[in-house]
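Have a look at query-v6.cif; it's mmCIF, C-alpha atoms:
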```cif
data_run
#
loop_
_atom_site.label_atom_id
_atom_site.label_comp_id
_atom_site.auth_asym_id
_atom_site.auth_seq_id
_atom_site.Cartn_x
_atom_site.Cartn_y
_atom_site.Cartn_z
CA MET X 5 -4.20 -2.26 -0.83
CA ASN X 6 -0.72 -3.69 -0.35
CA ILE X 7 1.14 -4.74 -3.50
CA LEU X 8 4.48 -6.58 -3.55
CA VAL X 9 6.91 -6.42 -6.46
CA THR X 10 10.45 -7.80 -6.75
CA LEU X 11 12.85 -6.95 -9.54
CA ASN X 12 16.24 -5.75 -10.73
CA SER X 13 17.11 -2.80 -12.97
CA ASP X 14 16.23 -4.69 -16.18
CA TYR X 15 12.53 -4.70 -15.28
CA ILE X 16 11.98 -1.10 -14.24
CA LYS X 17 10.19 -0.08 -17.45
CA PRO X 18 7.88 -3.13 -17.46
CA LEU X 19 7.16 -2.49 -13.78
CA LYS X 20 6.09 1.06 -14.58
CA VAL X 21 3.76 -0.19 -17.33
CA MET X 22 2.24 -2.74 -14.96
CA LEU X 23 1.75 -0.13 -12.24
CA LYS X 24 0.26 2.36 -14.71
CA SER X 25 -2.33 -0.20 -15.78
CA LEU X 26 -3.05 -0.92 -12.11
CA PHE X 27 -3.56 2.76 -11.27
CA ILE X 28 -5.66 3.57 -14.35
CA ASN X 29 -8.08 0.69 -13.86
CA ASN X 30 -8.49 1.10 -10.12
CA PRO X 31 -9.57 4.73 -9.71
CA GLY X 32 -10.03 5.89 -6.15
CA GLU X 33 -7.85 3.13 -4.69
CA HIS X 34 -4.65 3.86 -2.76
CA PHE X 35 -1.86 1.34 -3.20
CA SER X 36 1.12 0.77 -0.95
CA ILE X 37 3.72 -0.67 -3.34
CA TYR X 38 6.36 -2.68 -1.46
CA LEU X 39 9.44 -2.90 -3.68
CA MET X 40 11.72 -5.76 -2.64
CA HIS X 41 15.20 -5.77 -4.19
CA SER X 42 18.91 -5.94 -3.48
CA SER X 43 20.51 -3.99 -6.31
CA LEU X 44 18.47 -0.99 -7.47
CA LYS X 45 20.35 2.30 -7.55
CA LYS X 46 19.30 5.41 -5.63
CA HIS X 47 18.26 7.32 -8.74
CA GLU X 48 16.13 4.36 -9.88
CA LEU X 49 14.38 4.22 -6.51
CA LYS X 50 13.83 7.97 -6.55
CA ASP X 51 12.31 7.78 -10.03
CA LEU X 52 9.96 4.93 -9.06
CA LYS X 53 8.93 6.75 -5.91
CA SER X 54 8.09 9.91 -7.86
CA PHE X 55 6.21 7.89 -10.46
CA THR X 56 4.11 6.11 -7.82
CA GLU X 57 3.38 9.21 -5.74
CA ALA X 58 2.27 11.12 -8.85
CA GLU X 59 -0.47 8.50 -9.20
CA GLY X 60 -1.66 9.01 -5.61
CA SER X 61 -0.07 5.90 -4.15
CA SER X 62 3.09 5.21 -2.15
CA LEU X 63 6.30 3.26 -2.68
CA ILE X 64 7.99 1.51 0.24
CA ASN X 65 11.57 0.39 -0.30
CA VAL X 66 12.45 -3.06 1.06
CA ASP X 67 16.19 -3.42 0.54
CA ILE X 68 17.38 -6.99 1.15
CA ASP X 69 20.87 -7.49 2.54
CA ASP X 70 22.63 -10.21 0.53
CA LYS X 71 24.07 -11.57 3.77
CA TYR X 72 20.62 -12.87 4.71
CA PHE X 73 20.77 -15.41 1.88
CA GLU X 74 24.50 -16.09 1.92
CA ASP X 75 23.92 -19.74 2.89
CA ALA X 76 20.98 -20.27 0.56
CA PRO X 77 21.58 -22.57 -2.44
CA THR X 78 21.32 -21.07 -5.92
CA LEU X 79 20.82 -22.67 -9.33
CA LEU X 80 22.57 -21.86 -12.61
CA HIS X 81 21.38 -18.39 -13.68
CA TYR X 82 18.80 -18.15 -10.87
CA THR X 83 20.01 -15.82 -8.15
CA LYS X 84 18.99 -15.56 -4.51
CA GLU X 85 16.18 -13.26 -5.63
CA MET X 86 14.20 -16.43 -6.39
CA TYR X 87 13.48 -16.67 -2.66
CA TYR X 88 12.11 -13.15 -2.23
CA ARG X 89 8.41 -13.74 -2.88
CA LEU X 90 8.39 -17.00 -0.91
CA LEU X 91 10.01 -15.42 2.15
CA ALA X 92 8.61 -11.91 1.80
CA PHE X 93 6.89 -12.25 5.17
CA ARG X 94 10.33 -12.09 6.82
CA PHE X 95 10.98 -8.59 5.52
CA LEU X 96 7.57 -6.95 5.38
CA PRO X 97 6.11 -5.06 8.37
CA GLN X 98 4.56 -7.27 11.03
CA SER X 99 1.45 -5.12 10.83
CA LEU X 100 0.62 -6.46 7.34
CA ASP X 101 -1.73 -9.45 7.26
CA ARG X 102 -1.99 -9.78 3.48
CA ILE X 103 -0.30 -8.56 0.34
CA LEU X 104 -0.76 -9.20 -3.38
CA TYR X 105 2.39 -10.12 -5.30
CA LEU X 106 2.41 -9.14 -8.98
CA ASP X 107 5.03 -9.93 -11.62
CA PRO X 108 6.21 -6.97 -13.72
CA ASP X 109 5.18 -8.73 -16.96
CA ILE X 110 1.44 -8.30 -16.49
CA LEU X 111 -1.32 -5.82 -17.23
CA VAL X 112 -4.13 -5.09 -14.78
CA ILE X 113 -7.06 -4.17 -17.01
CA ASN X 114 -10.00 -4.22 -14.55
CA PRO X 115 -10.54 -3.52 -10.82
CA ILE X 116 -8.51 -5.72 -8.52
CA ARG X 117 -10.41 -5.22 -5.26
CA GLU X 118 -12.39 -8.48 -5.45
CA LEU X 119 -9.20 -10.49 -5.84
CA TYR X 120 -7.47 -8.63 -3.04
CA ASP X 121 -10.37 -9.26 -0.64
CA THR X 122 -10.56 -12.99 -1.41
CA PRO X 123 -11.00 -14.86 1.91
CA LEU X 124 -7.85 -16.84 2.65
CA ASP X 125 -8.94 -18.59 5.86
CA ASP X 126 -6.33 -21.34 6.45
CA PHE X 127 -4.63 -20.99 3.06
CA LEU X 128 -1.08 -19.64 2.74
CA PHE X 129 -1.66 -18.29 -0.78
CA ALA X 130 -4.32 -17.81 -3.40
CA ALA X 131 -3.11 -18.44 -6.95
CA ALA X 132 -4.19 -19.71 -10.36
CA TYR X 133 -2.99 -22.72 -12.28
CA HIS X 134 -2.94 -22.85 -16.06
CA ASP X 135 -5.14 -25.82 -16.85
CA VAL X 136 -3.29 -27.22 -19.84
CA ILE X 137 -3.37 -31.00 -19.43
CA PRO X 138 0.06 -31.93 -20.94
CA VAL X 139 1.85 -29.23 -18.92
CA ARG X 140 0.05 -30.23 -15.72
CA GLY X 141 0.93 -33.89 -16.23
CA ILE X 142 4.60 -33.24 -16.95
CA ASN X 143 4.99 -31.12 -13.83
CA LYS X 144 3.36 -33.78 -11.64
CA ILE X 145 5.83 -36.35 -12.96
CA ARG X 146 8.79 -33.98 -12.73
CA LEU X 147 8.15 -33.09 -9.09
CA ASN X 148 7.46 -36.66 -8.03
CA PRO X 149 7.23 -37.82 -5.20
CA TYR X 150 5.72 -34.48 -4.13
CA ASP X 151 1.95 -34.83 -4.37
CA ILE X 152 0.62 -31.89 -6.40
CA GLU X 153 -2.87 -31.78 -7.88
CA ALA X 154 -2.24 -28.60 -9.91
CA TYR X 155 0.85 -26.61 -10.86
CA TYR X 156 0.22 -23.04 -9.71
CA ASN X 157 1.70 -20.02 -11.42
CA SER X 158 3.67 -17.78 -9.04
CA GLY X 159 3.25 -14.56 -11.06
CA VAL X 160 0.12 -13.54 -9.13
CA LEU X 161 0.05 -14.53 -5.47
CA LEU X 162 -2.29 -13.32 -2.77
CA MET X 163 -0.35 -13.93 0.43
CA ASN X 164 -1.64 -14.72 3.90
CA LEU X 165 1.30 -13.15 5.72
CA LYS X 166 -0.02 -13.83 9.20
CA LEU X 167 -0.24 -17.58 8.59
CA GLN X 168 3.01 -17.70 6.62
CA ARG X 169 4.90 -16.30 9.61
CA MET X 170 3.64 -19.22 11.68
CA VAL X 171 4.00 -22.02 9.12
CA ILE X 172 6.77 -21.44 6.58
CA ASN X 173 10.30 -22.41 7.56
CA GLU X 174 13.03 -21.11 5.28
CA LYS X 175 15.27 -24.09 6.12
CA ASP X 176 12.66 -26.40 4.58
CA ILE X 177 12.84 -24.33 1.39
CA PHE X 178 16.65 -24.32 1.25
CA ASP X 179 16.78 -28.08 1.96
CA PHE X 180 14.26 -28.72 -0.82
CA VAL X 181 16.35 -26.78 -3.35
CA GLU X 182 19.55 -28.58 -2.31
CA LYS X 183 17.88 -31.99 -2.54
CA ASN X 184 16.09 -31.39 -5.85
CA ARG X 185 18.45 -29.07 -7.72
CA ASN X 186 18.56 -31.39 -10.75
CA LYS X 187 14.76 -31.38 -11.10
CA LEU X 188 14.04 -27.68 -10.79
CA ILE X 189 13.21 -25.70 -13.93
CA MET X 190 11.44 -22.65 -12.47
CA PRO X 191 12.78 -22.79 -8.93
CA ASP X 192 10.49 -20.42 -7.03
CA GLN X 193 7.41 -21.83 -8.77
CA ASP X 194 8.59 -25.41 -8.24
CA ILE X 195 9.15 -24.71 -4.54
CA LEU X 196 5.73 -23.12 -4.22
CA ASN X 197 4.02 -26.17 -5.71
CA ALA X 198 6.05 -28.96 -4.15
CA LEU X 199 5.95 -27.62 -0.61
CA PHE X 200 2.74 -25.60 -0.42
CA SER X 201 0.28 -26.68 -3.14
CA LYS X 202 -2.10 -28.21 -0.58
CA GLN X 203 -2.31 -24.82 1.13
CA ILE X 204 -3.02 -22.74 -1.98
CA LYS X 205 -6.54 -21.52 -2.69
CA SER X 206 -7.36 -21.78 -6.39
CA ILE X 207 -8.52 -18.69 -8.26
CA ASP X 208 -9.75 -18.65 -11.86
CA GLU X 209 -6.91 -18.16 -14.32
CA LYS X 210 -9.22 -16.55 -16.91
CA PHE X 211 -9.93 -13.71 -14.48
CA TYR X 212 -6.74 -13.40 -12.46
CA ASN X 213 -3.81 -14.90 -14.37
CA TYR X 214 -4.82 -14.97 -18.03
CA ASP X 215 -1.96 -16.45 -20.06
CA ALA X 216 -1.58 -14.05 -23.01
CA ARG X 217 -0.26 -16.89 -25.19
CA ARG X 218 -3.50 -18.90 -24.94
CA TYR X 219 -6.26 -16.69 -26.31
CA ARG X 220 -7.46 -19.36 -28.78
CA TYR X 221 -7.30 -22.05 -26.11
CA TYR X 222 -9.50 -20.12 -23.67
CA LYS X 223 -11.92 -19.18 -26.44
CA LEU X 224 -12.33 -22.77 -27.67
CA LYS X 225 -12.51 -24.22 -24.15
CA THR X 226 -15.40 -21.89 -23.26
CA ASN X 227 -17.28 -22.43 -26.51
CA ARG X 228 -16.27 -18.94 -27.70
CA VAL X 229 -17.62 -17.17 -24.62
CA TRP X 230 -14.17 -15.77 -23.77
CA ASP X 231 -13.71 -13.82 -26.98
CA MET X 232 -11.82 -10.52 -27.07
CA ASP X 233 -14.79 -8.45 -25.88
CA HIS X 234 -15.30 -10.76 -22.92
CA VAL X 235 -11.61 -10.69 -21.98
CA ILE X 236 -11.43 -6.89 -22.05
CA ARG X 237 -14.57 -6.55 -19.94
CA ASN X 238 -13.94 -9.36 -17.43
CA THR X 239 -10.29 -10.38 -17.17
CA VAL X 240 -8.50 -8.57 -14.37
CA ILE X 241 -4.92 -9.66 -14.98
CA ILE X 242 -3.28 -10.54 -18.29
CA HIS X 243 0.06 -12.27 -17.77
CA PHE X 244 2.67 -12.33 -20.54
CA CYS X 245 4.08 -15.70 -19.57
CA GLY X 246 7.08 -17.31 -21.21
CA LYS X 247 10.33 -15.99 -22.63
CA ARG X 248 8.79 -13.71 -25.26
CA LYS X 249 7.85 -10.36 -23.73
CA PRO X 250 5.68 -7.60 -25.25
CA TRP X 251 8.29 -4.88 -24.70
CA LYS X 252 10.72 -6.75 -26.98
CA LYS X 253 10.83 -5.96 -30.70
CA ASP X 254 10.31 -9.57 -31.80
CA TYR X 255 7.01 -9.96 -29.89
CA ALA X 256 3.87 -10.54 -31.97
CA GLY X 257 1.27 -11.89 -29.55
CA THR X 258 -2.50 -11.36 -29.54
CA PHE X 259 -2.36 -8.69 -26.85
CA HIS X 260 0.67 -6.84 -28.21
CA SER X 261 -1.32 -3.74 -29.19
CA LEU X 262 -2.98 -3.60 -25.78
CA TYR X 263 0.41 -3.69 -24.09
CA LYS X 264 1.76 -1.00 -26.41
CA HIS X 265 -1.21 1.18 -25.50
CA TYR X 266 -0.32 1.09 -21.80
CA GLU X 267 3.37 1.40 -22.60
CA LYS X 268 2.71 4.65 -24.47
CA LEU X 269 0.56 5.99 -21.61
CA THR X 270 3.43 5.19 -19.23
CA LEU X 271 6.58 6.09 -21.11
CA GLY X 272 5.28 8.48 -23.76
#
```
As C-alpha coordinates:
Amino acid sequence: MNILVTLNSDYIKPLKVMLKSLFINNPGEHFSIYLMHSSLKKHELKDLKSFTEAEGSSLINVDIDDKYFEDAPTLLHYTKEMYYRLLAFRFLPQSLDRILYLDPDILVINPIRELYDTPLDDFLFAAAYHDVIPVRGINKIRLNPYDIEAYYNSGVLLMNLKLQRMVINEKDIFDFVEKNRNKLIMPDQDILNALFSKQIKSIDEKFYNYDARRYRYYKLKTNRVWDMDHVIRNTVIIHFCGKRKPWKKDYAGTFHSLYKHYEKLTLG
(Lines of atoms letter the chains of each structure in order from A and count residues from 1; the text may use other names and numbers.)
(Lines give C-alpha, C1' and ligand atoms only; values in the text may rest on other atoms or scores of the structure.)
Protein backbone atom coordinates (compact mmCIF):
# COMPACT_ATOMS: atom_id res chain seq x y z
CA MET A 1 0.00 0.00 0.00
CA ASN A 2 1.13 3.53 -0.79
CA ILE A 3 0.94 6.05 2.06
CA LEU A 4 1.57 9.79 1.72
CA VAL A 5 2.70 12.00 4.59
CA THR A 6 3.77 15.65 4.58
CA LEU A 7 5.44 17.41 7.48
CA ASN A 8 8.25 19.50 8.90
CA SER A 9 10.67 18.72 11.73
CA ASP A 10 8.13 19.59 14.46
CA TYR A 11 6.00 16.57 13.57
CA ILE A 12 8.60 13.83 13.33
CA LYS A 13 7.73 12.24 16.69
CA PRO A 14 3.96 12.25 16.05
CA LEU A 15 4.63 10.81 12.59
CA LYS A 16 6.57 7.93 14.14
CA VAL A 17 3.71 7.22 16.55
CA MET A 18 1.20 7.24 13.69
CA LEU A 19 3.37 4.92 11.60
CA LYS A 20 3.95 2.58 14.55
CA SER A 21 0.20 2.23 15.04
CA LEU A 22 -0.17 1.60 11.30
CA PHE A 23 2.49 -1.12 11.27
CA ILE A 24 1.29 -2.86 14.46
CA ASN A 25 -2.33 -3.09 13.37
CA ASN A 26 -1.63 -4.16 9.79
CA PRO A 27 0.56 -7.25 10.18
CA GLY A 28 1.77 -8.79 6.95
CA GLU A 29 1.24 -5.61 4.93
CA HIS A 30 4.10 -3.79 3.20
CA PHE A 31 3.81 -0.01 3.09
CA SER A 32 5.59 2.38 0.77
CA ILE A 33 5.69 5.61 2.79
CA TYR A 34 6.09 8.64 0.52
CA LEU A 35 7.44 11.50 2.63
CA MET A 36 6.82 14.88 1.00
CA HIS A 37 8.70 17.83 2.51
CA SER A 38 10.98 20.76 1.78
CA SER A 39 12.98 21.22 4.97
CA LEU A 40 13.83 17.96 6.75
CA LYS A 41 17.51 17.47 7.53
CA LYS A 42 19.57 14.52 6.33
CA HIS A 43 19.88 12.96 9.78
CA GLU A 44 16.10 13.23 10.25
CA LEU A 45 15.48 11.47 6.94
CA LYS A 46 18.01 8.79 7.79
CA ASP A 47 16.34 8.18 11.14
CA LEU A 48 12.87 7.92 9.58
CA LYS A 49 14.17 5.58 6.89
CA SER A 50 15.74 3.28 9.48
CA PHE A 51 12.59 3.36 11.59
CA THR A 52 10.37 2.43 8.62
CA GLU A 53 12.66 -0.29 7.27
CA ALA A 54 12.92 -1.90 10.72
CA GLU A 55 9.15 -2.43 10.49
CA GLY A 56 9.42 -4.16 7.10
CA SER A 57 8.26 -1.22 5.00
CA SER A 58 10.02 1.41 2.90
CA LEU A 59 10.41 5.19 2.99
CA ILE A 60 10.60 7.18 -0.24
CA ASN A 61 11.86 10.74 0.04
CA VAL A 62 9.98 13.33 -2.03
CA ASP A 63 11.92 16.56 -1.60
CA ILE A 64 10.01 19.57 -2.97
CA ASP A 65 12.02 22.43 -4.43
CA ASP A 66 10.67 25.72 -3.06
CA LYS A 67 11.06 27.24 -6.52
CA TYR A 68 8.10 25.18 -7.71
CA PHE A 69 5.75 27.21 -5.50
CA GLU A 70 7.54 30.55 -5.69
CA ASP A 71 4.54 32.16 -7.42
CA ALA A 72 1.92 30.47 -5.26
CA PRO A 73 0.01 32.73 -2.83
CA THR A 74 0.42 32.09 0.90
CA LEU A 75 -1.70 33.12 3.88
CA LEU A 76 -0.55 34.45 7.26
CA HIS A 77 1.20 31.56 9.05
CA TYR A 78 0.27 29.01 6.36
CA THR A 79 3.27 28.20 4.20
CA LYS A 80 3.46 26.75 0.71
CA GLU A 81 3.30 23.31 2.30
CA MET A 82 -0.48 23.76 2.36
CA TYR A 83 -0.48 22.84 -1.33
CA TYR A 84 1.45 19.58 -0.99
CA ARG A 85 -1.39 17.11 -0.48
CA LEU A 86 -3.57 18.79 -3.12
CA LEU A 87 -0.84 18.71 -5.76
CA ALA A 88 0.93 15.54 -4.66
CA PHE A 89 0.18 13.94 -8.02
CA ARG A 90 2.71 16.33 -9.60
CA PHE A 91 5.57 14.91 -7.58
CA LEU A 92 4.71 11.26 -7.08
CA PRO A 93 5.77 8.57 -9.59
CA GLN A 94 3.56 8.32 -12.67
CA SER A 95 3.27 4.61 -12.01
CA LEU A 96 1.13 5.23 -8.89
CA ASP A 97 -2.63 5.19 -9.46
CA ARG A 98 -3.68 5.69 -5.83
CA ILE A 99 -2.24 6.70 -2.51
CA LEU A 100 -3.64 7.23 0.99
CA TYR A 101 -2.74 10.51 2.66
CA LEU A 102 -2.59 10.43 6.47
CA ASP A 103 -2.03 13.32 8.87
CA PRO A 104 0.62 12.75 11.56
CA ASP A 105 -1.93 13.43 14.35
CA ILE A 106 -3.82 10.16 13.99
CA LEU A 107 -3.74 6.60 15.24
CA VAL A 108 -4.50 3.62 13.01
CA ILE A 109 -5.98 1.05 15.38
CA ASN A 110 -7.41 -1.56 12.97
CA PRO A 111 -6.57 -2.90 9.49
CA ILE A 112 -6.62 -0.28 6.76
CA ARG A 113 -6.85 -2.51 3.69
CA GLU A 114 -10.61 -2.09 3.17
CA LEU A 115 -10.26 1.69 3.12
CA TYR A 116 -7.28 1.55 0.78
CA ASP A 117 -9.16 -0.67 -1.69
CA THR A 118 -12.27 1.53 -1.75
CA PRO A 119 -13.42 1.87 -5.39
CA LEU A 120 -12.86 5.44 -6.55
CA ASP A 121 -14.34 5.21 -10.06
CA ASP A 122 -14.74 8.83 -11.22
CA PHE A 123 -14.00 10.42 -7.84
CA LEU A 124 -10.82 12.44 -7.24
CA PHE A 125 -10.75 11.64 -3.52
CA ALA A 126 -12.46 9.61 -0.85
CA ALA A 127 -12.80 11.42 2.48
CA ALA A 128 -15.02 11.79 5.53
CA TYR A 129 -16.92 14.80 6.76
CA HIS A 130 -17.63 15.42 10.43
CA ASP A 131 -21.41 15.58 10.56
CA VAL A 132 -21.85 18.28 13.17
CA ILE A 133 -24.73 20.44 11.96
CA PRO A 134 -23.59 23.90 13.23
CA VAL A 135 -20.07 23.41 11.83
CA ARG A 136 -21.40 22.17 8.50
CA GLY A 137 -23.76 25.14 8.20
CA ILE A 138 -21.12 27.73 9.05
CA ASN A 139 -18.71 26.35 6.46
CA LYS A 140 -21.40 26.37 3.74
CA ILE A 141 -22.07 30.04 4.48
CA ARG A 142 -18.39 30.91 4.76
CA LEU A 143 -17.48 29.39 1.41
CA ASN A 144 -20.47 30.85 -0.40
CA PRO A 145 -21.02 30.99 -3.41
CA TYR A 146 -19.21 27.65 -3.74
CA ASP A 147 -21.84 24.92 -3.58
CA ILE A 148 -20.74 22.38 -0.96
CA GLU A 149 -23.06 19.76 0.51
CA ALA A 150 -20.58 18.61 3.17
CA TYR A 151 -17.30 19.97 4.53
CA TYR A 152 -14.75 17.17 4.18
CA ASN A 153 -11.80 16.75 6.50
CA SER A 154 -8.47 16.64 4.66
CA GLY A 155 -6.59 14.64 7.33
CA VAL A 156 -7.41 11.30 5.67
CA LEU A 157 -7.59 11.35 1.88
CA LEU A 158 -7.65 8.42 -0.49
CA MET A 159 -6.38 9.88 -3.75
CA ASN A 160 -7.20 8.88 -7.31
CA LEU A 161 -3.87 10.01 -8.75
CA LYS A 162 -4.61 8.91 -12.29
CA LEU A 163 -7.73 11.08 -12.50
CA GLN A 164 -6.15 13.97 -10.62
CA ARG A 165 -3.41 14.22 -13.24
CA MET A 166 -6.08 14.71 -15.89
CA VAL A 167 -8.44 17.02 -13.99
CA ILE A 168 -6.72 19.19 -11.38
CA ASN A 169 -5.12 22.43 -12.56
CA GLU A 170 -2.82 24.10 -10.04
CA LYS A 171 -3.59 27.54 -11.51
CA ASP A 172 -7.24 27.08 -10.50
CA ILE A 173 -6.08 26.40 -6.94
CA PHE A 174 -3.74 29.41 -6.81
CA ASP A 175 -6.43 31.68 -8.31
CA PHE A 176 -8.95 30.46 -5.73
CA VAL A 177 -6.60 31.27 -2.85
CA GLU A 178 -5.84 34.74 -4.25
CA LYS A 179 -9.52 35.51 -4.76
CA ASN A 180 -10.73 34.18 -1.40
CA ARG A 181 -7.80 34.88 0.92
CA ASN A 182 -10.03 36.77 3.39
CA LYS A 183 -12.43 33.83 3.73
CA LEU A 184 -9.98 30.99 4.23
CA ILE A 185 -9.50 29.56 7.72
CA MET A 186 -8.00 26.14 6.96
CA PRO A 187 -6.68 26.80 3.46
CA ASP A 188 -5.95 23.32 2.12
CA GLN A 189 -9.23 21.98 3.52
CA ASP A 190 -11.16 24.99 2.23
CA ILE A 191 -9.65 24.52 -1.23
CA LEU A 192 -10.48 20.82 -1.20
CA ASN A 193 -14.13 21.52 -0.40
CA ALA A 194 -14.76 24.59 -2.53
CA LEU A 195 -13.19 23.23 -5.69
CA PHE A 196 -13.59 19.46 -5.45
CA SER A 197 -16.40 18.53 -3.02
CA LYS A 198 -18.60 17.25 -5.85
CA GLN A 199 -15.84 14.81 -6.79
CA ILE A 200 -15.21 13.41 -3.30
CA LYS A 201 -16.56 10.00 -2.34
CA SER A 202 -17.90 10.00 1.22
CA ILE A 203 -16.55 7.49 3.71
CA ASP A 204 -17.89 6.97 7.23
CA GLU A 205 -16.18 9.24 9.74
CA LYS A 206 -16.80 6.79 12.61
CA PHE A 207 -14.65 4.21 10.86
CA TYR A 208 -12.10 6.26 8.95
CA ASN A 209 -11.77 9.72 10.49
CA TYR A 210 -13.07 9.46 14.05
CA ASP A 211 -12.78 12.87 15.71
CA ALA A 212 -11.21 12.12 19.11
CA ARG A 213 -12.95 15.16 20.62
CA ARG A 214 -16.44 13.79 19.95
CA TYR A 215 -16.68 10.46 21.77
CA ARG A 216 -19.89 11.46 23.60
CA TYR A 217 -21.41 12.85 20.41
CA TYR A 218 -20.87 9.63 18.44
CA LYS A 219 -22.11 7.53 21.36
CA LEU A 220 -25.33 9.53 21.78
CA LYS A 221 -25.96 9.79 18.03
CA THR A 222 -25.80 6.00 17.67
CA ASN A 223 -27.93 5.27 20.73
CA ARG A 224 -24.82 4.13 22.63
CA VAL A 225 -23.77 1.58 20.01
CA TRP A 226 -20.42 3.34 19.49
CA ASP A 227 -19.18 2.96 23.04
CA MET A 228 -15.50 2.48 23.84
CA ASP A 229 -15.53 -1.27 23.12
CA HIS A 230 -17.13 -0.67 19.74
CA VAL A 231 -14.64 2.06 18.83
CA ILE A 232 -11.62 -0.08 19.73
CA ARG A 233 -12.94 -3.03 17.73
CA ASN A 234 -14.28 -1.18 14.68
CA THR A 235 -12.77 2.27 14.20
CA VAL A 236 -9.79 2.22 11.86
CA ILE A 237 -8.53 5.78 12.22
CA ILE A 238 -8.76 8.04 15.26
CA HIS A 239 -7.94 11.64 14.38
CA PHE A 240 -6.84 14.10 17.06
CA CYS A 241 -8.40 17.11 15.39
CA GLY A 242 -8.06 20.66 16.64
CA LYS A 243 -5.29 22.61 18.31
CA ARG A 244 -4.93 20.38 21.37
CA LYS A 245 -2.68 17.42 20.61
CA PRO A 246 -2.15 14.25 22.68
CA TRP A 247 1.64 14.60 22.73
CA LYS A 248 1.31 17.94 24.55
CA LYS A 249 1.36 18.04 28.36
CA ASP A 250 -1.93 19.95 28.65
CA TYR A 251 -3.93 17.33 26.70
CA ALA A 252 -6.67 15.49 28.61
CA GLY A 253 -8.90 13.93 25.96
CA THR A 254 -10.82 10.65 26.07
CA PHE A 255 -8.21 8.79 24.01
CA HIS A 256 -5.15 10.24 25.74
CA SER A 257 -4.17 6.94 27.36
CA LEU A 258 -4.51 5.10 24.07
CA TYR A 259 -2.20 7.59 22.40
CA LYS A 260 0.31 7.34 25.24
CA HIS A 261 0.30 3.57 24.83
CA TYR A 262 1.41 3.83 21.20
CA GLU A 263 3.79 6.66 22.04
CA LYS A 264 5.57 4.42 24.57
CA LEU A 265 5.75 1.55 22.07
CA THR A 266 7.31 3.97 19.57
CA LEU A 267 9.63 6.16 21.60
CA GLY A 268 10.21 4.05 24.70
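Of the residues under consideration (X:Val160, X:Ile189, X:Ala198, X:Leu262), X:Val160 shows the shortest atom-to-atom contact distance to Leu106 of chain X when counting only C-alpha atoms.
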Next on the checklist: Assuming the chain letters and numbering stay as they are in my file, what does the PyMOL selection byres ((chain X and resi 61) around 8) actually select? List them as a PyMOL selection string.
Outcome noted: chain X and resi 34-37+56-60+62-63
Next on the checklist: With the PyMOL selection byres ((chain X and resi 244-261) around 7) as the selection, what would be picked from this file? Answer as a list of chain:residue names, please.
Outcome noted: X:Asp109, X:Ile110, X:Asp215, X:Ala216, X:Arg217, X:Ile242, X:His243, X:Leu262, X:Tyr263, X:Lys264, X:His265
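Checking X:Ser99, X:Asn186, X:Asn29, X:Ser13 one by one against Leu165 of chain X, counting all atoms listed in the file, you find the shortest gap at X:Ser99.
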Next on the checklist: Suppose a student applies the PyMOL selection byres ((chain X and resi 227-240) around 12) to this structure; what residues should they get, written as a PyMOL selection string?
Outcome noted: chain X and resi 25-26+29-30+110-120+160+207-216+218-226+241-243+258-259+262
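The residue that comes closest to Phe55 of chain X, out of X:Ser158, X:Phe27, X:Pro191, X:Phe95 and on the basis of only C-alpha atoms, is X:Phe27.
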Next on the checklist: Please list as a ChimeraX atom specification every residue within 7 Å of Ala131 of chain X, counting all atoms listed in the file and excluding residues in the same chain fewer than 5 positions away.
Outcome noted: /X:156-157,160-162,204-207
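Atom CA of Asp67 of chain X is positioned 11.2 Å from atom CA of Leu11 of chain X.
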Item to check | Point-to-point distance in Å for atom CA of Met163 of chain X and atom CA of Lys53 of chain X | outcome: 23.5 Å
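Here atom CA of Lys202 of chain X stands at a distance of 10.8 Å from atom CA of Tyr155 of chain X.
Of the listed residues (X:Gln203, X:Tyr105, X:Lys50, X:Lys183), X:Gln203 comes nearest to Asp125 of chain X; the distances count only C-alpha atoms.
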Next on the checklist: Restricting the calculation to all atoms listed in the file: of X:Leu52, X:Leu128, X:Ile64, X:Leu79, which residue gets closest to Pro97 of chain X?
Outcome noted: X:Ile64
Next on the checklist: Between X:Lys84, X:Lys268, X:His41, X:His47, which residue has the minimum interatomic distance to Ile68 of chain X, considering only C-alpha atoms?
Outcome noted: X:His41
